Every structure is written in structure tokens, then in C-alpha cells.
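Q: Input file: my_file-v7.txt. Contents: compact mmCIF, C-alpha atoms.
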# COMPACT_ATOMS: atom_id res chain seq x y z
CA MET A 282 6.65 -10.22 -17.60
CA ILE A 283 3.61 -8.08 -16.89
CA ILE A 284 1.78 -5.05 -18.27
CA THR A 285 1.09 -2.34 -15.69
CA ILE A 286 -1.49 0.38 -16.23
CA LEU A 287 -1.37 3.17 -13.68
CA GLY A 288 -2.74 6.67 -13.35
CA PRO A 289 -4.61 9.01 -11.04
CA THR A 290 -8.21 8.52 -10.01
CA ALA A 291 -10.78 9.19 -12.78
CA SER A 292 -8.21 8.74 -15.57
CA GLY A 293 -9.93 5.70 -17.11
CA LYS A 294 -7.41 3.01 -16.11
CA THR A 295 -9.88 0.17 -15.61
CA PRO A 296 -11.73 0.39 -18.96
CA LEU A 297 -8.37 0.57 -20.71
CA ALA A 298 -7.01 -2.46 -18.84
CA ALA A 299 -10.19 -4.42 -19.62
CA ALA A 300 -10.04 -3.51 -23.34
CA LEU A 301 -6.37 -4.53 -23.43
CA ALA A 302 -7.11 -7.79 -21.61
CA ARG A 303 -9.76 -8.72 -24.19
CA ARG A 304 -7.30 -8.05 -27.02
CA ILE A 305 -4.32 -9.86 -25.53
CA GLY A 306 -5.94 -12.65 -23.51
CA GLY A 307 -5.10 -11.08 -20.19
CA GLU A 308 -6.32 -11.11 -16.61
CA ILE A 309 -6.32 -8.06 -14.35
CA ILE A 310 -4.66 -7.85 -10.95
CA SER A 311 -6.02 -4.87 -9.03
CA ALA A 312 -3.53 -2.46 -7.44
CA ASP A 313 -6.00 -0.61 -5.24
CA SER A 314 -5.54 -0.60 -1.48
CA ARG A 315 -9.29 -0.29 -0.74
CA GLN A 316 -10.95 -2.42 -3.41
CA VAL A 317 -9.75 -5.49 -1.50
CA TYR A 318 -12.70 -4.99 0.92
CA ARG A 319 -16.03 -6.70 0.36
CA ARG A 320 -19.26 -4.63 0.33
CA MET A 321 -17.24 -1.42 -0.03
CA ASP A 322 -18.19 -1.04 -3.66
CA ILE A 323 -19.42 2.47 -4.45
CA GLY A 324 -16.98 4.29 -2.19
CA THR A 325 -13.95 2.46 -3.59
CA GLY A 326 -15.17 2.84 -7.19
CA LYS A 327 -14.92 -0.83 -8.10
CA ASP A 328 -17.02 -0.31 -11.25
CA LEU A 329 -17.07 -4.07 -11.80
CA ALA A 330 -19.19 -3.66 -14.93
CA ASP A 331 -16.07 -2.27 -16.64
CA TYR A 332 -14.46 -5.71 -16.50
CA GLY A 333 -17.23 -7.51 -18.35
CA ASP A 334 -16.02 -11.06 -18.92
CA VAL A 335 -12.39 -10.27 -18.09
CA PRO A 336 -11.12 -12.21 -15.05
CA TYR A 337 -9.89 -10.01 -12.19
CA HIS A 338 -7.99 -10.65 -8.98
CA LEU A 339 -7.42 -9.02 -5.53
CA ILE A 340 -10.85 -7.40 -5.37
CA ASP A 341 -13.28 -8.45 -2.60
CA ILE A 342 -10.74 -10.60 -0.77
CA CYS A 343 -11.15 -9.43 2.85
CA GLU A 344 -13.75 -8.13 5.27
CA PRO A 345 -14.41 -4.46 6.11
CA GLY A 346 -13.02 -3.45 9.47
CA THR A 347 -9.77 -5.34 8.93
CA LYS A 348 -6.47 -3.61 8.16
CA TYR A 349 -5.10 -4.98 4.91
CA ASN A 350 -1.46 -4.02 4.37
CA LEU A 351 1.39 -3.88 1.90
CA PHE A 352 3.03 -7.11 3.11
CA GLN A 353 -0.24 -9.01 2.57
CA TYR A 354 -0.65 -7.43 -0.84
CA GLN A 355 2.80 -8.60 -1.91
CA GLN A 356 1.94 -12.19 -0.97
CA ASP A 357 -1.48 -12.07 -2.64
CA PHE A 358 -0.08 -10.44 -5.76
CA ARG A 359 2.58 -13.10 -6.14
CA GLN A 360 0.03 -15.89 -5.83
CA ALA A 361 -2.27 -14.30 -8.44
CA TYR A 362 0.65 -13.50 -10.76
CA ASP A 363 2.02 -17.05 -10.67
CA ASP A 364 -1.48 -18.49 -11.18
CA ILE A 365 -2.16 -16.33 -14.24
CA LYS A 366 1.26 -17.05 -15.77
CA GLY A 367 0.83 -20.75 -15.06
CA ARG A 368 -2.33 -20.78 -17.19
CA GLY A 369 -0.61 -19.02 -20.09
CA ALA A 370 -2.51 -15.74 -19.73
CA VAL A 371 -0.99 -12.24 -19.57
CA PRO A 372 -1.11 -10.55 -16.14
CA ILE A 373 -2.20 -6.89 -16.28
CA LEU A 374 -1.59 -4.94 -13.09
CA CYS A 375 -3.99 -2.00 -12.90
CA GLY A 376 -4.57 0.62 -10.23
CA GLY A 377 -3.67 3.89 -8.61
CA THR A 378 -1.97 2.81 -5.38
CA GLY A 379 1.58 3.65 -6.37
CA LEU A 380 3.18 2.12 -3.28
CA TYR A 381 1.56 -1.27 -4.00
CA ILE A 382 2.64 -1.13 -7.65
CA GLU A 383 6.20 -0.17 -6.82
CA ALA A 384 6.50 -2.77 -4.06
CA VAL A 385 5.56 -5.71 -6.30
CA LEU A 386 7.43 -4.60 -9.41
CA LYS A 387 10.62 -3.78 -7.51
CA GLY A 388 10.29 -6.74 -5.17
CA TYR A 389 10.51 -4.76 -1.91
CA HIS A 390 11.78 -6.87 1.00
CA LEU A 391 9.07 -6.58 3.65
CA SER A 392 8.17 -8.35 6.87
CA PRO A 393 4.87 -8.52 8.74
CA VAL A 394 4.95 -5.88 11.49
CA PRO A 395 3.14 -6.64 14.76
CA GLN A 396 1.22 -3.99 16.68
CA ASN A 397 3.26 -2.11 19.30
CA GLN A 398 0.75 -1.19 22.00
CA GLU A 399 3.29 0.74 24.07
CA LEU A 400 4.18 2.91 21.06
CA ARG A 401 0.50 3.39 20.20
CA SER A 402 -0.24 4.57 23.74
CA ARG A 403 2.56 7.13 23.53
CA LEU A 404 1.28 8.44 20.20
CA GLU A 405 -2.36 8.62 21.24
CA GLY A 406 -3.63 12.20 21.34
CA LYS A 407 -0.98 13.62 19.01
CA SER A 408 -2.20 15.66 16.04
CA LEU A 409 -1.85 14.50 12.45
CA ASP A 410 0.77 17.23 11.86
CA GLU A 411 2.84 16.00 14.83
CA LEU A 412 2.57 12.38 13.67
CA THR A 413 3.50 13.33 10.10
CA GLN A 414 6.62 15.12 11.37
CA MET A 415 7.64 12.04 13.38
CA LEU A 416 7.06 9.83 10.36
CA THR A 417 9.17 12.10 8.14
CA GLN A 418 12.09 11.82 10.59
CA LEU A 419 11.79 8.02 10.76
CA LYS A 420 11.67 7.74 6.97
CA ALA A 421 14.87 9.78 6.75
CA GLN A 422 16.57 7.43 9.22
CA ASN A 423 15.39 4.37 7.27
CA ALA A 424 16.01 5.92 3.83
CA SER A 425 12.44 4.77 3.23
CA THR A 426 10.21 5.59 0.26
CA MET A 427 7.15 4.06 1.91
CA HIS A 428 4.20 5.93 3.43
CA ASN A 429 3.77 9.10 1.44
CA THR A 430 1.05 11.56 2.40
CA THR A 431 -1.48 9.59 0.34
CA ASP A 432 -1.21 6.84 2.95
CA VAL A 433 -1.31 8.95 6.11
CA ASP A 434 -4.38 11.13 5.79
CA SER A 435 -5.66 10.14 9.25
CA CYS A 436 -4.08 9.73 12.69
CA GLN A 437 -4.75 5.97 12.63
CA ARG A 438 -2.90 5.56 9.36
CA ALA A 439 -0.03 7.78 10.52
CA ILE A 440 0.36 5.78 13.75
CA ARG A 441 0.46 2.52 11.80
CA ALA A 442 3.08 3.98 9.43
CA ILE A 443 5.20 5.11 12.41
CA GLU A 444 4.80 1.63 13.89
CA ILE A 445 6.11 0.04 10.68
CA GLU A 446 9.01 2.45 10.25
CA THR A 447 9.97 2.05 13.94
CA TYR A 448 9.90 -1.74 13.62
CA ASN A 449 12.03 -1.65 10.46
CA LEU A 450 14.53 0.65 12.18
CA GLU A 451 14.85 -1.69 15.16
CA HIS A 452 14.72 -4.95 13.13
CA PRO A 453 16.88 -4.72 9.99
CA LEU A 454 15.25 -6.85 7.30
CA PRO A 455 16.91 -10.16 6.39
CA PRO A 456 17.01 -10.99 2.69
CA ARG A 457 13.64 -12.31 1.49
CA PRO A 458 12.98 -14.13 -1.79
CA MET A 459 10.61 -11.60 -3.39
CA PRO A 460 11.81 -11.22 -6.99
CA ALA A 461 11.25 -8.09 -9.03
CA VAL A 462 8.86 -8.33 -11.98
CA ASP A 463 9.74 -7.09 -15.45
CA SER A 464 6.96 -4.76 -16.59
CA LEU A 465 5.80 -2.71 -19.53
CA THR A 466 4.45 0.20 -17.51
CA VAL A 467 1.86 2.50 -19.04
CA GLY A 468 0.61 5.68 -17.38
CA VAL A 469 -2.73 7.24 -18.29
CA ASP A 470 -2.14 10.97 -18.60
CA ILE A 471 -5.27 13.06 -18.12
CA ASP A 472 -5.46 16.84 -18.40
CA ARG A 473 -5.71 18.39 -14.94
CA GLU A 474 -8.89 20.35 -15.64
CA LEU A 475 -10.57 17.36 -17.29
CA ARG A 476 -9.55 15.24 -14.31
CA ARG A 477 -11.14 17.75 -11.93
CA GLN A 478 -14.36 17.75 -13.94
CA LYS A 479 -14.51 13.95 -14.01
CA ILE A 480 -13.82 13.69 -10.28
CA SER A 481 -16.64 16.11 -9.46
CA ARG A 482 -19.12 14.38 -11.80
CA ARG A 483 -18.18 10.96 -10.51
CA LEU A 484 -18.51 12.01 -6.87
CA LYS A 485 -22.02 13.32 -7.49
CA ALA A 486 -22.94 10.15 -9.38
CA ARG A 487 -21.67 7.89 -6.59
CA LEU A 488 -23.58 9.82 -3.95
CA ASP A 489 -26.69 9.51 -6.13
CA GLU A 490 -26.04 5.75 -6.45
CA GLY A 491 -26.23 5.38 -2.67
CA MET A 492 -22.77 5.81 -1.20
CA ALA A 493 -24.27 7.08 2.07
CA ASP A 494 -26.52 4.00 2.23
CA GLU A 495 -23.47 1.81 1.68
CA VAL A 496 -21.81 3.44 4.70
CA ARG A 497 -24.99 3.06 6.78
CA ALA A 498 -25.09 -0.66 5.92
CA LEU A 499 -21.46 -1.11 6.98
CA LEU A 500 -22.13 0.66 10.29
CA ALA A 501 -25.22 -1.52 10.79
CA GLU A 502 -22.99 -4.59 10.43
CA GLY A 503 -21.13 -3.43 13.53
CA ILE A 504 -18.11 -1.85 11.86
CA ASN A 505 -17.24 1.11 14.04
CA VAL A 506 -16.90 4.72 12.94
CA GLU A 507 -13.13 4.80 13.57
CA ASP A 508 -12.52 1.78 11.33
CA LEU A 509 -14.54 3.24 8.47
CA THR A 510 -12.85 6.61 8.85
CA TYR A 511 -9.49 4.80 8.69
CA TYR A 512 -10.13 3.95 5.03
CA GLY A 513 -10.01 7.66 4.18
CA LEU A 514 -11.52 9.77 1.41
CA GLU A 515 -15.15 8.73 0.70
CA TYR A 516 -15.43 6.59 3.84
CA LYS A 517 -13.97 9.28 6.06
CA TYR A 518 -16.22 12.12 4.93
CA VAL A 519 -19.40 10.18 4.17
CA THR A 520 -19.19 8.47 7.57
CA GLN A 521 -18.86 11.88 9.22
CA TYR A 522 -21.97 12.97 7.31
CA VAL A 523 -23.94 9.83 8.21
CA VAL A 524 -23.21 10.18 11.94
CA GLY A 525 -24.08 13.88 11.90
CA GLN A 526 -20.61 15.41 12.18
CA LEU A 527 -20.92 17.15 8.79
CA SER A 528 -23.82 18.51 6.78
CA TYR A 529 -24.33 17.14 3.25
CA ASP A 530 -22.90 20.30 1.67
CA GLU A 531 -19.88 20.30 4.01
CA MET A 532 -19.27 16.64 3.28
CA PHE A 533 -19.49 17.14 -0.48
CA ARG A 534 -17.22 20.18 -0.52
CA GLN A 535 -14.55 18.71 1.78
CA LEU A 536 -14.59 15.33 0.03
CA GLU A 537 -14.35 16.89 -3.42
CA ILE A 538 -11.27 18.87 -2.33
CA ALA A 539 -9.74 15.77 -0.70
CA ILE A 540 -10.14 13.68 -3.88
CA HIS A 541 -8.58 16.41 -6.02
CA GLN A 542 -5.64 16.55 -3.60
CA PHE A 543 -5.40 12.75 -3.61
CA ALA A 544 -5.17 12.67 -7.43
CA LYS A 545 -2.41 15.26 -7.31
CA ARG A 546 -0.47 13.19 -4.77
CA GLN A 547 -0.90 10.09 -6.95
CA MET A 548 0.75 11.92 -9.85
CA THR A 549 3.55 13.07 -7.54
CA TRP A 550 4.16 9.42 -6.60
CA PHE A 551 4.22 8.28 -10.23
CA ARG A 552 6.69 11.02 -11.16
CA GLY A 553 8.77 9.86 -8.21
CA MET A 554 8.71 6.32 -9.61
CA GLU A 555 10.25 7.68 -12.80
CA ARG A 556 13.03 9.32 -10.78
CA ARG A 557 13.57 5.97 -9.04
CA GLY A 558 14.20 4.23 -12.35
CA PHE A 559 10.77 3.20 -13.68
CA ALA A 560 10.21 3.72 -17.41
CA ILE A 561 6.57 4.83 -17.74
CA HIS A 562 5.04 5.18 -21.22
CA TRP A 563 2.47 7.96 -20.86
CA ILE A 564 -0.65 7.79 -22.98
CA ASP A 565 -3.27 10.51 -23.49
CA ALA A 566 -6.50 9.60 -21.70
CA GLN A 567 -8.57 11.37 -24.37
CA LEU A 568 -7.39 9.20 -27.27
CA PRO A 569 -9.93 6.69 -28.67
CA MET A 570 -9.84 3.36 -26.82
CA GLU A 571 -8.75 1.36 -29.86
CA GLN A 572 -5.85 3.72 -30.47
CA LYS A 573 -4.71 3.45 -26.85
CA VAL A 574 -4.82 -0.34 -27.00
CA ASP A 575 -2.95 -0.34 -30.32
CA MET A 576 -0.19 1.80 -28.80
CA ILE A 577 0.19 -0.53 -25.82
CA MET A 578 0.27 -3.57 -28.11
CA GLU A 579 3.03 -1.95 -30.17
CA TRP A 580 5.10 -1.24 -27.03
CA TRP A 581 4.44 -4.79 -25.80
CA GLU A 582 5.62 -6.37 -29.05
CA LYS A 583 8.77 -4.22 -29.05
CA LYS A 584 9.53 -5.23 -25.46
CA HIS A 585 9.23 -8.90 -26.38
CA LYS A 586 11.77 -8.44 -29.18
CA ILE A 587 14.40 -6.88 -26.92
Turn the structure described in the file into C-alpha cells.
A:
Amino acid sequence: MIITILGPTASGKTPLAAALARRIGGEIISADSRQVYRRMDIGTGKDLADYGDVPYHLIDICEPGTKYNLFQYQQDFRQAYDDIKGRGAVPILCGGTGLYIEAVLKGYHLSPVPQNQELRSRLEGKSLDELTQMLTQLKAQNASTMHNTTDVDSCQRAIRAIEIETYNLEHPLPPRPMPAVDSLTVGVDIDRELRRQKISRRLKARLDEGMADEVRALLAEGINVEDLTYYGLEYKYVTQYVVGQLSYDEMFRQLEIAIHQFAKRQMTWFRGMERRGFAIHWIDAQLPMEQKVDMIMEWWEKKHKI
């Protein structure tokens, strides 16, 4: 059994998970598709100070420039989960990447999908709108819930999603031993206007902390512009600013809008999880931390008695 804490960006998930972990003797497993990358700290909002002395997993586990994916996350999650359980601690899954959360809790049957260079060549030059339309048709054929618009905000990501859906259509998945995980799932519910204010403040703070310098350092390592842009949001727009494609003001304005849209899509995904059978206990982000932890502990104790 596991406790899952999910919510949109800037809702305060990580401090809550850390406070809960201290109370319950837990360890945190990150459910963030970009925090897996080393030296991508400010742009992914790792905020490692929030963890304090709480052990965490699946952060800083691969190199920038690589393409981490859902199949890899499933394997890494299972290893971390079994390790934590084996030591008698409570696993706490925390993050905002709804697809990752759903895949490990439901036990999606996935296979590693190789690159299809012939398909990629055919898709090269198509617009994001054209690729999104193709992806929508493939998802309908596969009855797939993977790859929502949160995951395909660039042509590279859309092409990879089409590649995966095409492979799954042509290669029906054999049964795989990936068991579902019983979870007490808690959603952090933050008022929309407060969320917008926090996103804007946090973006300014991260730029002041040196997010552009972080991108410059990654480029200096030899990571190319296309690979950084692939990671979306902060890395897409700040990279465009650093290489001179956008002014600072254009970058800030476009990125701020993109993050607000991203948070909205996250909430759409979580509501979709509820329609797909997940019981999510929503908790007000503005409640005092101790009260939030007390509420989760009460739900946790009730679940153990069932």
C-alpha cells in the first residue's frame, strides 16, 4: 500500500509530502517526468530543501539530453517501491505527472518501444496541429489514455507519442507482470486565482535564481537546443531566450501563459483519473500544514482498518 499526493504545479505537494513523511516514517518517490534529470534543478522546480532529511527517490537519476520514458519510470518506480517496503518504511508517491502516477498505480502493461526512423522521416516537417490530429486518431484506434496534451507540447514529443501508439497498434501487448498498487490518493486542491498568483511569483523567483544560467550551462555541456526544447515549458522558452529567438519579456509572457495552461491540463487529467475509477481525497491547499497532515493520517488509519 502507498500514499499518493498529487496536484497541479505550485499547489504545495512536496512540502506536504515531506511533512507527512516525517510524521509517518515515509520515503518519497517522485512522480515528475523532468526531475529525473541531473543538473536541471531550477527549471524543473526540484526544491530539494523542502525534503530536509526525508529520503527521496527517482530524482537526479539520468543525464540531460536523454529521453526518459514511461516504461523506464514503471521499472524504476517498482524497484524503489519494493526497496522502501522491504525496509519497513511507507512509500509516498508525490508529483504532478498524472500519466506516471496512473501507470504505476493501475499497473499499465507497457513495452519498450524502439525508434522507427522510417515513420520519423515521414512525420518530419508536419506542424504540431497535424501531429496532434494524427495522435488523436491513433489513440482512438488503441482506446488509449496515454499522451494527453500535457505530453505533446512540441513536435518532438508528438512524434514520439505517435511512434509509441503506432507500435502498440502493430504489436498487441502480451501480458506483463506489473501489478497494480493499492493507494490512498490525496489531491491538493488550490484555488485557481491563488494558483495563478503562485505560478507567476515562482516563475519570477526562479528566473532571479538563475534559470537562464542553468540553461546556458547545459548548452555549454554540449546538449543541443532541440533536446533542451524537447523538455518543454521552462526549458523550451528559456532556451529560446538564451539563443536569441525571444526577448526576455516575450519569454516571460509566453512561459507564464504556458505554465498556467499546463496547470489547467494537470487538473483535467486528475479529474479524468476520477472518472476512470480513482478515489481522490481532495484537501484544501490553504489549510495549515499540521491540519492537512492530520487529515491524511486519519484517512490512512481508516484505510488500514478496511
Q: Fewer than 6 positions away in the same chain doesn't count, so skip those; otherwise give me all residues within 10 Å of Arg552 in chain A, counting all atoms listed in the file, as a PyMOL selection string.
A: chain A and resi 546+559+561
Q: Just checking: using all atoms listed in the file, which residue out of A:Ser408, A:Asn397, A:Ser292, A:Ser464 ends up closest to Pro372 in chain A?
A: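 Nearest to Pro372 in chain A: A:Ser464.
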Q: One decimal, Å: what's the distance from CA of Asp410 in chain A over to CA of Arg441 in chain A, could you say?
A: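 One can read the CA of Asp410 in chain A to CA of Arg441 in chain A distance as 14.7 Å.
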Q: Identify, on the basis of all atoms listed in the file, every residue whose closest approach to Arg304 in chain A does not exceed 10 Å; exclude the query and any residue fewer than 3 positions from it along the same chain; express the result as a list of chain:residue names.
A: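 With the cut-off at 10 Å, the set is A:Ala298, A:Ala299, A:Ala300, A:Leu301, A:Gly307, A:Glu571, A:Val574, A:Asp575, A:Met578.
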Q: Can you write just those residues out, C-alpha atoms, as a CSV table (one decimal), in the coordinates of the input?
A:
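Contents of the output file part.csv:
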chain,number,residue,atom,x,y,z
A,298,ALA,CA,-7.0,-2.5,-18.8
A,299,ALA,CA,-10.2,-4.4,-19.6
A,300,ALA,CA,-10.0,-3.5,-23.3
A,301,LEU,CA,-6.4,-4.5,-23.4
A,307,GLY,CA,-5.1,-11.1,-20.2
A,571,GLU,CA,-8.8,1.4,-29.9
A,574,VAL,CA,-4.8,-0.3,-27.0
A,575,ASP,CA,-3.0,-0.3,-30.3
A,578,MET,CA,0.3,-3.6,-28.1
Q: Which residue gives the smallest distance to Val506 in chain A among A:Leu488, A:His338, A:Asp331, A:Gly346, with all atoms listed in the file counted?
A: A:Gly346
Q: List the residues sitting within 10 Å of (-9.1, 1.7, 11.0) in the file's frame, using only C-alpha atoms, as a ChimeraX atom specification.
A: /A:345-349,435-438,441,504-513
Q: Which residue out of A:Thr413, A:Leu386, A:Gly288, A:Leu514 has the minimum interatomic distance to Tyr362 in chain A when only C-alpha atoms are used?
A: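 The closest residue to Tyr362 in chain A is A:Leu386.
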Q: Applying 12 Å and only C-alpha atoms, which residues near Val467 in chain A remain after dropping the ones on its own chain fewer than 6 positions away? List them as number ranges by chain.
A: A: 283-288, 294, 297-298, 301, 373-377, 382, 551, 555, 559-566, 573-574, 576-578, 580-581
Q: Give me the residues near range 458-462 of chain A as a list in words, where near means some atom within 8 Å (using only C-alpha atoms) and where sequence neighbours in that chain fewer than 3 positions away do not count.
A: Met282, Ile283, Val385, Leu386, Lys387, Gly388, Tyr389 and His390 of chain A
Q: For Glu446 in chain A, which residue out of A:Thr378, A:Thr466, A:Gln353, A:Ser425 is the nearest one, using only C-alpha atoms?
A: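 Of A:Thr378, A:Thr466, A:Gln353, A:Ser425, the one nearest Glu446 in chain A is A:Ser425, counting only C-alpha atoms.
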Q: Find the residues near range 494-496 of chain A: any atom within 8 Å, counting only C-alpha atoms, skip ones fewer than 5 places away on the same chain, and give them as a ChimeraX atom specification.
A: /A:320-321,323-324,516,519-520,523
Q: Kindly indicate which residue among A:Asp472, A:Glu383, A:Glu308, A:Glu444 lies nearest to Leu404 in chain A, using all atoms listed in the file for the distances.
A: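 Going through A:Asp472, A:Glu383, A:Glu308, A:Glu444 one by one, the smallest distance to Leu404 in chain A is for A:Glu444.
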Q: In Å, how far is it from CA of Pro569 in chain A to CA of Met554 in chain A?
A: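 So the answer is 26.7 Å.
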Q: Between A:Gln547, A:Asn350, A:Gln418, A:Ser311, which residue has the minimum interatomic distance to Pro393 in chain A, considering all atoms listed in the file?
A: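 Of the candidates, the smallest distance to Pro393 in chain A is held by A:Asn350.
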Q: Quick one: pull the distance between CA of Met570 in chain A and CA of Thr290 in chain A, Å, one decimal.
A: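 Atom-to-atom, CA of Met570 in chain A to CA of Thr290 in chain A, that is 17.7 Å.
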Q: Around the point (-18.9, 0.6, -8.8) in the file's coordinates, collect all residues with an atom within 12 Å, using all atoms listed in the file, and return them as JSON, numbers by chain.
A: {"A": [295, 316, 320, 321, 322, 323, 324, 325, 326, 327, 328, 329, 330, 331, 332, 340, 483, 484, 486, 487, 488, 490, 491, 492, 495]}
Q: Regenerate range 303-313 of chain A at the level of all heavy atoms and dump it as a compact mmCIF listing (two decimals), in the frame of the given file.
A:
# COMPACT_ATOMS: atom_id res chain seq x y z
N ARG A 303 -8.97 -8.01 -23.17
CA ARG A 303 -9.76 -8.72 -24.19
C ARG A 303 -8.94 -8.93 -25.46
O ARG A 303 -9.06 -9.97 -26.12
CB ARG A 303 -11.03 -7.93 -24.52
CG ARG A 303 -12.03 -7.90 -23.38
CD ARG A 303 -13.36 -7.25 -23.78
NE ARG A 303 -14.15 -6.99 -22.57
CZ ARG A 303 -14.19 -5.83 -21.95
NH1 ARG A 303 -13.53 -4.79 -22.43
NH2 ARG A 303 -14.91 -5.68 -20.86
N ARG A 304 -8.11 -7.94 -25.79
CA ARG A 304 -7.30 -8.05 -27.02
C ARG A 304 -6.18 -9.07 -26.87
O ARG A 304 -5.86 -9.80 -27.81
CB ARG A 304 -6.72 -6.67 -27.34
CG ARG A 304 -5.74 -6.63 -28.52
CD ARG A 304 -6.43 -6.46 -29.85
NE ARG A 304 -6.96 -5.11 -29.98
CZ ARG A 304 -6.26 -4.09 -30.48
NH1 ARG A 304 -5.00 -4.24 -30.88
NH2 ARG A 304 -6.83 -2.89 -30.58
N ILE A 305 -5.57 -9.12 -25.69
CA ILE A 305 -4.32 -9.86 -25.53
C ILE A 305 -4.50 -11.19 -24.79
O ILE A 305 -3.56 -11.96 -24.66
CB ILE A 305 -3.29 -8.96 -24.80
CG1 ILE A 305 -1.87 -9.35 -25.11
CG2 ILE A 305 -3.54 -8.94 -23.30
CD1 ILE A 305 -0.83 -8.37 -24.59
N GLY A 306 -5.72 -11.45 -24.32
CA GLY A 306 -5.94 -12.65 -23.51
C GLY A 306 -5.36 -12.50 -22.12
O GLY A 306 -4.64 -13.37 -21.63
N GLY A 307 -5.68 -11.38 -21.49
CA GLY A 307 -5.10 -11.08 -20.19
C GLY A 307 -6.08 -11.19 -19.04
O GLY A 307 -7.29 -11.32 -19.24
N GLU A 308 -5.53 -11.15 -17.84
CA GLU A 308 -6.32 -11.11 -16.61
C GLU A 308 -5.79 -9.96 -15.76
O GLU A 308 -4.58 -9.71 -15.73
CB GLU A 308 -6.23 -12.43 -15.85
CG GLU A 308 -6.76 -13.61 -16.65
CD GLU A 308 -6.83 -14.90 -15.85
OE1 GLU A 308 -6.79 -14.84 -14.59
OE2 GLU A 308 -6.90 -15.98 -16.47
N ILE A 309 -6.70 -9.28 -15.07
CA ILE A 309 -6.32 -8.06 -14.35
C ILE A 309 -6.06 -8.35 -12.88
O ILE A 309 -6.86 -9.03 -12.22
CB ILE A 309 -7.42 -6.99 -14.51
CG1 ILE A 309 -7.53 -6.59 -15.99
CG2 ILE A 309 -7.13 -5.77 -13.64
CD1 ILE A 309 -8.68 -5.66 -16.29
N ILE A 310 -4.96 -7.83 -12.38
CA ILE A 310 -4.66 -7.85 -10.95
C ILE A 310 -4.84 -6.41 -10.45
O ILE A 310 -4.15 -5.51 -10.90
CB ILE A 310 -3.22 -8.32 -10.67
CG1 ILE A 310 -2.97 -9.71 -11.27
CG2 ILE A 310 -2.96 -8.34 -9.16
CD1 ILE A 310 -1.53 -10.19 -11.13
N SER A 311 -5.76 -6.21 -9.55
CA SER A 311 -6.02 -4.87 -9.03
C SER A 311 -4.87 -4.39 -8.16
O SER A 311 -4.32 -5.15 -7.36
CB SER A 311 -7.32 -4.86 -8.22
OG SER A 311 -7.48 -3.62 -7.56
N ALA A 312 -4.52 -3.11 -8.32
CA ALA A 312 -3.53 -2.46 -7.44
C ALA A 312 -4.23 -1.29 -6.76
O ALA A 312 -3.89 -0.13 -6.98
CB ALA A 312 -2.32 -2.00 -8.24
N ASP A 313 -5.23 -1.62 -5.97
CA ASP A 313 -6.00 -0.61 -5.24
C ASP A 313 -6.10 -1.05 -3.80
O ASP A 313 -6.61 -2.13 -3.51
CB ASP A 313 -7.39 -0.44 -5.86
CG ASP A 313 -8.15 0.74 -5.27
OD1 ASP A 313 -8.50 0.67 -4.07
OD2 ASP A 313 -8.42 1.72 -5.99
